[in-house]
$ cat model-v9.txt   # compact mmCIF, C-alpha atoms
# COMPACT_ATOMS: atom_id res chain seq x y z
CA ASP A 1 97.55 126.88 115.95
CA VAL A 2 97.01 123.59 117.70
CA LYS A 3 99.36 123.17 120.56
CA VAL A 4 100.23 119.93 122.30
CA THR A 5 102.53 120.51 125.25
CA GLN A 6 104.54 117.85 126.99
CA SER A 7 105.69 118.86 130.43
CA SER A 8 109.25 117.54 130.28
CA ARG A 9 111.59 117.40 127.30
CA TYR A 10 114.26 115.37 129.07
CA LEU A 11 114.03 113.13 132.11
CA VAL A 12 116.53 110.84 133.81
CA LYS A 13 115.11 108.34 136.27
CA ARG A 14 116.34 105.31 138.18
CA THR A 15 115.08 101.77 137.80
CA GLY A 16 112.00 101.19 139.94
CA GLU A 17 110.97 104.84 140.14
CA LYS A 18 107.44 105.92 139.31
CA VAL A 19 107.42 108.27 136.35
CA PHE A 20 104.70 110.67 135.22
CA LEU A 21 104.64 112.16 131.74
CA GLU A 22 102.10 114.92 131.29
CA CYS A 23 100.50 116.14 128.09
CA VAL A 24 98.12 119.05 127.57
CA GLN A 25 96.34 120.10 124.37
CA ASP A 26 94.56 123.39 123.80
CA MET A 27 92.23 122.54 120.89
CA ASP A 28 89.40 120.79 122.71
CA HIS A 29 90.30 117.53 120.96
CA GLU A 30 88.42 114.40 121.91
CA ASN A 31 91.23 111.97 121.16
CA MET A 32 94.62 111.79 122.81
CA PHE A 33 97.45 109.31 122.30
CA TRP A 34 100.75 108.20 123.76
CA TYR A 35 103.41 106.71 121.48
CA ARG A 36 106.97 105.67 121.99
CA GLN A 37 109.56 105.94 119.25
CA ASP A 38 112.68 103.80 119.10
CA PRO A 39 115.31 103.48 116.35
CA GLY A 40 114.45 100.65 114.01
CA LEU A 41 111.03 100.10 115.60
CA GLY A 42 109.27 103.28 114.52
CA LEU A 43 106.29 104.68 116.38
CA ARG A 44 104.33 102.32 118.56
CA LEU A 45 101.03 103.15 120.22
CA ILE A 46 100.97 102.64 124.00
CA TYR A 47 97.51 103.91 124.98
CA PHE A 48 94.85 106.21 123.63
CA SER A 49 91.76 107.93 124.94
CA TYR A 50 88.69 109.04 122.99
CA ASP A 51 86.93 110.76 125.88
CA VAL A 52 87.43 111.87 129.46
CA LYS A 53 88.01 108.91 131.78
CA MET A 54 88.06 106.54 128.78
CA LYS A 55 91.21 104.69 127.80
CA GLU A 56 92.11 101.93 125.39
CA LYS A 57 95.23 99.82 125.11
CA GLY A 58 97.40 100.27 122.11
CA ASP A 59 99.98 97.83 120.80
CA ILE A 60 102.42 97.92 123.72
CA PRO A 61 100.58 98.79 126.97
CA GLU A 62 102.59 96.52 129.27
CA GLY A 63 104.36 98.43 132.03
CA TYR A 64 102.33 101.59 131.44
CA SER A 65 99.09 103.12 132.62
CA VAL A 66 97.29 106.34 131.73
CA SER A 67 94.94 108.85 133.24
CA ARG A 68 92.53 111.27 131.62
CA GLU A 69 90.59 113.21 134.24
CA LYS A 70 90.13 116.33 132.11
CA LYS A 71 89.59 116.62 128.38
CA GLU A 72 92.76 118.61 127.77
CA ARG A 73 95.15 116.46 129.82
CA PHE A 74 96.43 112.94 129.25
CA SER A 75 99.06 111.46 131.54
CA LEU A 76 101.30 108.47 130.98
CA ILE A 77 102.49 106.63 134.07
CA LEU A 78 105.35 104.19 134.37
CA GLU A 79 104.59 102.43 137.64
CA SER A 80 108.10 101.04 138.04
CA ALA A 81 110.50 102.27 135.41
CA SER A 82 112.84 99.79 133.77
CA THR A 83 115.82 100.30 131.48
CA ASN A 84 113.89 98.96 128.49
CA GLN A 85 111.52 101.91 128.85
CA THR A 86 114.29 104.29 127.87
CA SER A 87 112.80 105.94 124.81
CA MET A 88 111.31 109.01 123.20
CA TYR A 89 107.69 109.42 124.27
CA LEU A 90 105.32 111.35 122.02
CA CYS A 91 101.89 112.63 122.92
CA ALA A 92 99.35 113.47 120.22
CA SER A 93 95.78 114.65 119.90
CA SER A 94 93.11 114.75 117.21
CA GLY A 95 89.57 115.98 116.80
CA GLN A 96 86.60 114.44 115.07
CA GLY A 97 84.60 115.54 112.07
CA GLY A 98 84.99 118.43 109.64
CA ASP A 99 87.67 118.95 107.04
CA SER A 100 90.46 118.39 109.52
CA GLY A 101 88.78 115.53 111.33
CA GLY A 102 91.33 112.97 112.31
CA GLU A 103 94.37 115.18 111.77
CA LEU A 104 96.94 114.20 114.36
CA PHE A 105 99.03 116.82 116.16
CA PHE A 106 102.10 115.88 118.17
CA GLY A 107 103.94 117.40 121.08
CA GLU A 108 107.70 117.99 121.11
CA GLY A 109 108.42 114.68 122.77
CA SER A 110 109.86 113.61 126.12
CA ARG A 111 113.20 111.83 126.06
CA LEU A 112 113.27 109.46 129.02
CA THR A 113 116.42 107.72 130.19
CA VAL A 114 116.12 105.02 132.85
CA LEU A 115 119.39 104.15 134.60
CA LYS B 1 96.65 94.52 109.47
CA GLN B 2 97.66 97.66 107.61
CA GLU B 3 101.29 97.72 106.49
CA VAL B 4 102.82 101.03 105.44
CA THR B 5 106.09 101.15 103.50
CA GLN B 6 108.26 104.10 102.58
CA ILE B 7 110.99 103.63 100.02
CA PRO B 8 113.73 104.76 99.90
CA ALA B 9 114.77 104.95 103.54
CA ALA B 10 117.13 107.82 102.75
CA LEU B 11 117.54 110.32 99.96
CA SER B 12 120.14 112.99 99.23
CA VAL B 13 119.55 115.70 96.63
CA PRO B 14 121.16 119.01 95.64
CA GLU B 15 119.37 122.21 96.55
CA GLY B 16 116.74 123.22 94.04
CA GLU B 17 115.85 119.72 92.94
CA ASN B 18 112.26 118.54 93.33
CA LEU B 19 111.69 115.83 95.92
CA VAL B 20 109.40 112.85 95.41
CA LEU B 21 108.66 110.73 98.47
CA ASN B 22 106.67 107.53 98.24
CA CYS B 23 104.30 105.83 100.64
CA SER B 24 102.50 102.56 99.96
CA PHE B 25 99.88 100.80 102.06
CA THR B 26 98.31 97.36 101.87
CA ASP B 27 94.69 98.01 102.85
CA SER B 28 92.85 100.56 100.71
CA ALA B 29 90.03 100.99 103.26
CA ILE B 30 91.54 104.06 104.86
CA TYR B 31 89.80 107.05 106.46
CA ASN B 32 92.64 109.43 105.70
CA LEU B 33 96.38 109.60 105.11
CA GLN B 34 98.69 112.10 106.73
CA TRP B 35 102.23 113.25 106.00
CA PHE B 36 104.52 114.40 108.80
CA ARG B 37 107.95 115.92 109.12
CA GLN B 38 110.28 115.09 112.00
CA ASP B 39 113.48 116.93 112.85
CA PRO B 40 116.11 115.10 114.94
CA GLY B 41 115.10 114.80 118.57
CA LYS B 42 111.78 116.51 118.01
CA GLY B 43 108.13 115.56 117.68
CA LEU B 44 106.25 115.13 114.42
CA THR B 45 104.86 118.12 112.58
CA SER B 46 101.76 117.61 110.47
CA LEU B 47 102.30 118.65 106.85
CA LEU B 48 99.24 117.51 104.95
CA LEU B 49 96.10 115.48 105.61
CA ILE B 50 94.30 113.82 102.71
CA GLN B 51 90.81 112.54 103.39
CA SER B 52 89.81 109.28 101.69
CA SER B 53 87.48 111.13 99.31
CA GLN B 54 90.26 113.46 98.12
CA ARG B 55 92.91 112.87 95.47
CA GLU B 56 95.41 115.49 96.55
CA GLN B 57 96.24 118.31 98.92
CA THR B 58 98.56 121.26 98.49
CA SER B 59 100.31 123.60 100.88
CA GLY B 60 102.89 126.00 99.50
CA ARG B 61 105.71 123.97 97.91
CA LEU B 62 104.17 120.71 99.12
CA ASN B 63 101.72 118.58 97.23
CA ALA B 64 100.49 115.17 98.29
CA SER B 65 98.49 112.78 96.13
CA LEU B 66 96.45 109.76 97.14
CA ASP B 67 95.51 106.76 95.01
CA LYS B 68 93.60 104.37 97.22
CA SER B 69 93.04 101.77 94.51
CA SER B 70 96.77 101.27 94.06
CA GLY B 71 97.57 101.80 97.74
CA ARG B 72 99.91 104.73 97.14
CA SER B 73 100.54 108.27 98.22
CA THR B 74 103.26 110.59 96.98
CA LEU B 75 104.60 113.73 98.61
CA TYR B 76 106.15 116.24 96.23
CA ILE B 77 108.34 119.04 97.54
CA ALA B 78 109.18 121.61 94.89
CA ALA B 79 112.51 123.41 94.67
CA SER B 80 114.04 121.78 97.73
CA GLN B 81 116.02 123.83 100.27
CA PRO B 82 118.52 122.78 102.95
CA GLY B 83 115.80 123.55 105.53
CA ASP B 84 113.75 120.71 104.06
CA SER B 85 116.28 118.23 105.44
CA ALA B 86 114.34 116.02 107.85
CA THR B 87 112.62 112.67 108.12
CA TYR B 88 109.24 112.45 106.43
CA LEU B 89 106.69 109.93 107.62
CA CYS B 90 103.31 108.94 106.27
CA ALA B 91 100.52 107.40 108.31
CA CYS B 92 97.21 105.76 107.41
CA ASP B 93 94.13 106.06 109.55
CA SER B 94 91.70 103.17 109.20
CA ASN B 95 89.17 104.93 111.47
CA ASP B 96 89.95 102.77 114.48
CA TYR B 97 92.18 105.29 116.31
CA LYS B 98 95.27 103.25 115.52
CA LEU B 99 97.27 104.94 112.83
CA SER B 100 99.74 102.84 110.91
CA PHE B 101 103.03 104.65 110.37
CA GLY B 102 105.70 104.11 107.79
CA ALA B 103 109.34 103.99 108.92
CA GLY B 104 110.04 107.28 107.17
CA THR B 105 112.35 108.64 104.50
CA THR B 106 115.30 110.70 105.71
CA VAL B 107 115.98 113.55 103.30
CA THR B 108 119.21 115.51 103.03
CA VAL B 109 119.24 118.58 100.80
CA ARG B 110 122.82 119.60 99.95
CA ALA B 111 123.58 123.30 99.62

$ encode --input "model-v9.txt" --output "structure tokens"
Amino acid sequence: DVKVTQSSRYLVKRTGEKVFLECVQDMDHENMFWYRQDPGLGLRLIYFSYDVKMKEKGDIPEGYSVSREKKERFSLILESASTNQTSMYLCASSGQGGDSGGELFFGEGSRLTVL
Amino acid sequence: KQEVTQIPAALSVPEGENLVLNCSFTDSAIYNLQWFRQDPGKGLTSLLLIQSSQREQTSGRLNASLDKSSGRSTLYIAASQPGDSATYLCACDSNDYKLSFGAGTTVTVRA
């Protein structure tokens, strides 16, 4: 089974802190994604990466950065956390080609609260 | 821009009834369409992926159909059980890495 693992299920941080959210996938997928999910706003794409060291902005990249130094790991960084970044963060990965090409697999989510 | 709509937003049925969940999209030029399940406070679990060349996919009690020309997909869940209670989301992939998600249908199956 594909497994996408997010390092922290729950985090509580203070305004201004630097926050790292880590995500690891074990299926050798080329593509990795970071979404946030908020009530009434649905899922919104923050950043994605289609290869090591490559990154592309999604719909709401402001206040976030990402890092992909290894194929299996994609990190989301909040340089200076703010209260409006309190949210559920979801990491996902997908491969390319074949019958399951493009199928998206999600991690369990990281619930971040910024005080 | 692709718009994905799921109606109704919520649905409550008695155990044993068949579930029919609808997903409509505005741009028929999709690469694939995927159905997910989400339990409260959890991530999304992939249920079925339908490639653009396919008309349907089946897995156990689940069957999903795709009609690109009309911009619709339907997820059927046969003989519903209380464990099927969750939010179901559909998402369209237009082959540009940016999936478009519906807001989801929250299903409650009453025992």

$ interface_residues --input "model-v9.txt" --of "chain A" --to "chain B" --cutoff "6 Å" --atoms "all atoms listed in the file" --output "list in words"
Gly42, Phe106, Gly107, Glu108 and Gly109 of chain A

$ atom_distance --input "model-v9.txt" --atom1 "atom CA of A:His29" --atom2 "atom CA of A:Ser93"
6.3 Å

$ residues_around --input "model-v9.txt" --residues "A:Gly58" --least-positions-apart "2" --cutoff "10 Å" --atoms "all atoms listed in the file" --output "short mmCIF file (atom, residue, chain, number, x, y, z; two decimals) with C-alpha atoms, keeping the file's coordinate frame"
data_model
loop_
_atom_site.label_atom_id
_atom_site.label_comp_id
_atom_site.auth_asym_id
_atom_site.auth_seq_id
_atom_site.Cartn_x
_atom_site.Cartn_y
_atom_site.Cartn_z
CA PHE A 33 97.45 109.31 122.30
CA TRP A 34 100.75 108.20 123.76
CA TYR A 35 103.41 106.71 121.48
CA ARG A 44 104.33 102.32 118.56
CA LEU A 45 101.03 103.15 120.22
CA ILE A 46 100.97 102.64 124.00
CA TYR A 47 97.51 103.91 124.98
CA PHE A 48 94.85 106.21 123.63
CA SER A 49 91.76 107.93 124.94
CA LYS A 55 91.21 104.69 127.80
CA GLU A 56 92.11 101.93 125.39
CA ILE A 60 102.42 97.92 123.72
CA PRO A 61 100.58 98.79 126.97
CA GLU A 62 102.59 96.52 129.27
CA TYR B 97 92.18 105.29 116.31
CA LYS B 98 95.27 103.25 115.52
#

$ atom_distance --input "model-v9.txt" --atom1 "atom CA of A:Arg14" --atom2 "atom CA of A:Met32"
27.4 Å

$ atom_distance --input "model-v9.txt" --atom1 "atom CA of A:Glu17" --atom2 "atom CA of A:Leu90"
20.1 Å

$ closest_residue --input "model-v9.txt" --among "A:Glu69, A:Ser94, A:Val114, A:Phe74" --to "A:Asp28" --atoms "all atoms listed in the file"
A:Ser94

$ residues_near_point --input "model-v9.txt" --point "(111.0, 122.9, 101.2)" --cutoff "10 Å" --atoms "all atoms listed in the file" --output "list in words"
Glu15, Gly16, Asn18, Leu19, Gly60, Arg61, Leu62, Tyr76, Ile77, Ala78, Ala79, Ser80, Gln81, Pro82, Gly83, Asp84, Ser85 and Val109 of chain B

$ decode --input "model-v9.txt" --residues "stretch 32-79 of chain A" --atoms "N, CA and C atoms" --output "short mmCIF file (atom, residue, chain, number, x, y, z; two decimals), in the first residue's frame"
data_model
loop_
_atom_site.label_atom_id
_atom_site.label_comp_id
_atom_site.auth_asym_id
_atom_site.auth_seq_id
_atom_site.Cartn_x
_atom_site.Cartn_y
_atom_site.Cartn_z
N MET A 32 4.66 15.61 -5.46
CA MET A 32 4.21 15.78 -4.08
C MET A 32 3.55 17.14 -3.93
N PHE A 33 2.60 17.21 -3.00
CA PHE A 33 1.74 18.38 -2.87
C PHE A 33 1.53 18.74 -1.40
N TRP A 34 1.32 20.02 -1.16
CA TRP A 34 0.84 20.48 0.14
C TRP A 34 -0.45 21.28 -0.07
N TYR A 35 -1.48 20.86 0.68
CA TYR A 35 -2.78 21.53 0.68
C TYR A 35 -3.08 22.00 2.09
N ARG A 36 -3.95 22.99 2.18
CA ARG A 36 -4.58 23.28 3.46
C ARG A 36 -6.09 23.17 3.28
N GLN A 37 -6.75 22.76 4.37
CA GLN A 37 -8.18 22.54 4.32
C GLN A 37 -8.84 23.32 5.44
N ASP A 38 -9.78 24.18 5.09
CA ASP A 38 -10.48 25.00 6.05
C ASP A 38 -11.97 24.89 5.81
N PRO A 39 -12.76 24.90 6.89
CA PRO A 39 -14.22 24.80 6.74
C PRO A 39 -14.75 25.90 5.82
N GLY A 40 -15.57 25.51 4.88
CA GLY A 40 -16.18 26.46 3.97
C GLY A 40 -15.30 26.87 2.79
N LEU A 41 -14.00 26.55 2.87
CA LEU A 41 -13.08 26.92 1.78
C LEU A 41 -12.55 25.70 1.04
N GLY A 42 -12.78 24.52 1.57
CA GLY A 42 -12.34 23.31 0.90
C GLY A 42 -10.83 23.16 0.93
N LEU A 43 -10.34 22.36 -0.02
CA LEU A 43 -8.90 22.14 -0.14
C LEU A 43 -8.29 23.17 -1.07
N ARG A 44 -7.20 23.75 -0.61
CA ARG A 44 -6.50 24.73 -1.45
C ARG A 44 -5.03 24.34 -1.56
N LEU A 45 -4.52 24.39 -2.77
CA LEU A 45 -3.15 23.97 -3.04
C LEU A 45 -2.17 25.08 -2.68
N ILE A 46 -1.18 24.74 -1.85
CA ILE A 46 -0.19 25.73 -1.42
C ILE A 46 1.02 25.68 -2.37
N TYR A 47 1.65 24.52 -2.45
CA TYR A 47 2.80 24.29 -3.32
C TYR A 47 2.77 22.86 -3.81
N PHE A 48 3.43 22.61 -4.94
CA PHE A 48 3.66 21.24 -5.36
C PHE A 48 5.05 21.11 -5.96
N SER A 49 5.47 19.86 -6.10
CA SER A 49 6.79 19.57 -6.65
C SER A 49 6.68 18.36 -7.56
N TYR A 50 7.23 18.45 -8.76
CA TYR A 50 7.16 17.34 -9.70
C TYR A 50 8.52 16.64 -9.85
N ASP A 51 9.50 17.09 -9.10
CA ASP A 51 10.81 16.45 -9.16
C ASP A 51 11.65 16.98 -7.99
N VAL A 52 12.72 16.28 -7.71
CA VAL A 52 13.62 16.74 -6.65
C VAL A 52 14.12 18.15 -6.97
N LYS A 53 14.12 18.98 -5.96
CA LYS A 53 14.58 20.38 -6.04
C LYS A 53 13.70 21.26 -6.91
N MET A 54 12.61 20.72 -7.45
CA MET A 54 11.68 21.53 -8.24
C MET A 54 10.47 21.86 -7.38
N LYS A 55 9.96 23.06 -7.53
CA LYS A 55 8.76 23.46 -6.79
C LYS A 55 7.98 24.45 -7.63
N GLU A 56 6.67 24.41 -7.44
CA GLU A 56 5.78 25.32 -8.15
C GLU A 56 4.76 25.86 -7.17
N LYS A 57 4.42 27.12 -7.32
CA LYS A 57 3.39 27.72 -6.47
C LYS A 57 2.02 27.18 -6.85
N GLY A 58 1.23 26.99 -5.81
CA GLY A 58 -0.15 26.64 -6.02
C GLY A 58 -1.01 27.89 -5.99
N ASP A 59 -2.19 27.76 -5.41
CA ASP A 59 -3.13 28.88 -5.39
C ASP A 59 -2.91 29.85 -4.24
N ILE A 60 -2.30 29.37 -3.14
CA ILE A 60 -2.14 30.24 -1.96
C ILE A 60 -0.74 30.09 -1.36
N PRO A 61 0.32 30.44 -2.09
CA PRO A 61 1.68 30.23 -1.58
C PRO A 61 2.17 31.28 -0.57
N GLU A 62 1.46 32.38 -0.44
CA GLU A 62 1.96 33.48 0.39
C GLU A 62 2.11 33.03 1.84
N GLY A 63 3.27 33.32 2.41
CA GLY A 63 3.54 32.97 3.80
C GLY A 63 4.12 31.58 3.98
N TYR A 64 4.31 30.87 2.88
CA TYR A 64 4.83 29.50 2.93
C TYR A 64 6.04 29.35 2.00
N SER A 65 6.88 28.39 2.32
CA SER A 65 7.90 27.94 1.39
C SER A 65 8.00 26.42 1.51
N VAL A 66 8.70 25.80 0.58
CA VAL A 66 8.82 24.35 0.58
C VAL A 66 10.24 23.95 0.25
N SER A 67 10.53 22.69 0.55
CA SER A 67 11.84 22.14 0.26
C SER A 67 11.68 20.69 -0.16
N ARG A 68 12.38 20.33 -1.25
CA ARG A 68 12.38 18.93 -1.67
C ARG A 68 13.80 18.56 -2.09
N GLU A 69 14.55 18.10 -1.11
CA GLU A 69 15.95 17.71 -1.33
C GLU A 69 16.09 16.25 -1.73
N LYS A 70 15.13 15.43 -1.32
CA LYS A 70 15.10 14.02 -1.68
C LYS A 70 13.73 13.69 -2.26
N LYS A 71 13.70 12.69 -3.12
CA LYS A 71 12.46 12.37 -3.83
C LYS A 71 11.33 12.03 -2.87
N GLU A 72 11.63 11.36 -1.77
CA GLU A 72 10.58 10.87 -0.90
C GLU A 72 10.09 11.90 0.13
N ARG A 73 10.76 13.04 0.23
CA ARG A 73 10.46 13.98 1.31
C ARG A 73 10.13 15.36 0.78
N PHE A 74 9.05 15.92 1.30
CA PHE A 74 8.60 17.25 0.89
C PHE A 74 8.21 18.01 2.15
N SER A 75 8.88 19.11 2.39
CA SER A 75 8.67 19.86 3.63
C SER A 75 7.96 21.18 3.34
N LEU A 76 7.07 21.52 4.22
CA LEU A 76 6.38 22.81 4.17
C LEU A 76 6.90 23.67 5.32
N ILE A 77 7.25 24.90 5.01
CA ILE A 77 7.84 25.79 6.02
C ILE A 77 7.00 27.05 6.13
N LEU A 78 6.65 27.37 7.36
CA LEU A 78 6.00 28.64 7.66
C LEU A 78 7.08 29.50 8.30
N GLU A 79 7.56 30.48 7.57
CA GLU A 79 8.71 31.26 8.04
C GLU A 79 8.39 32.02 9.34
#
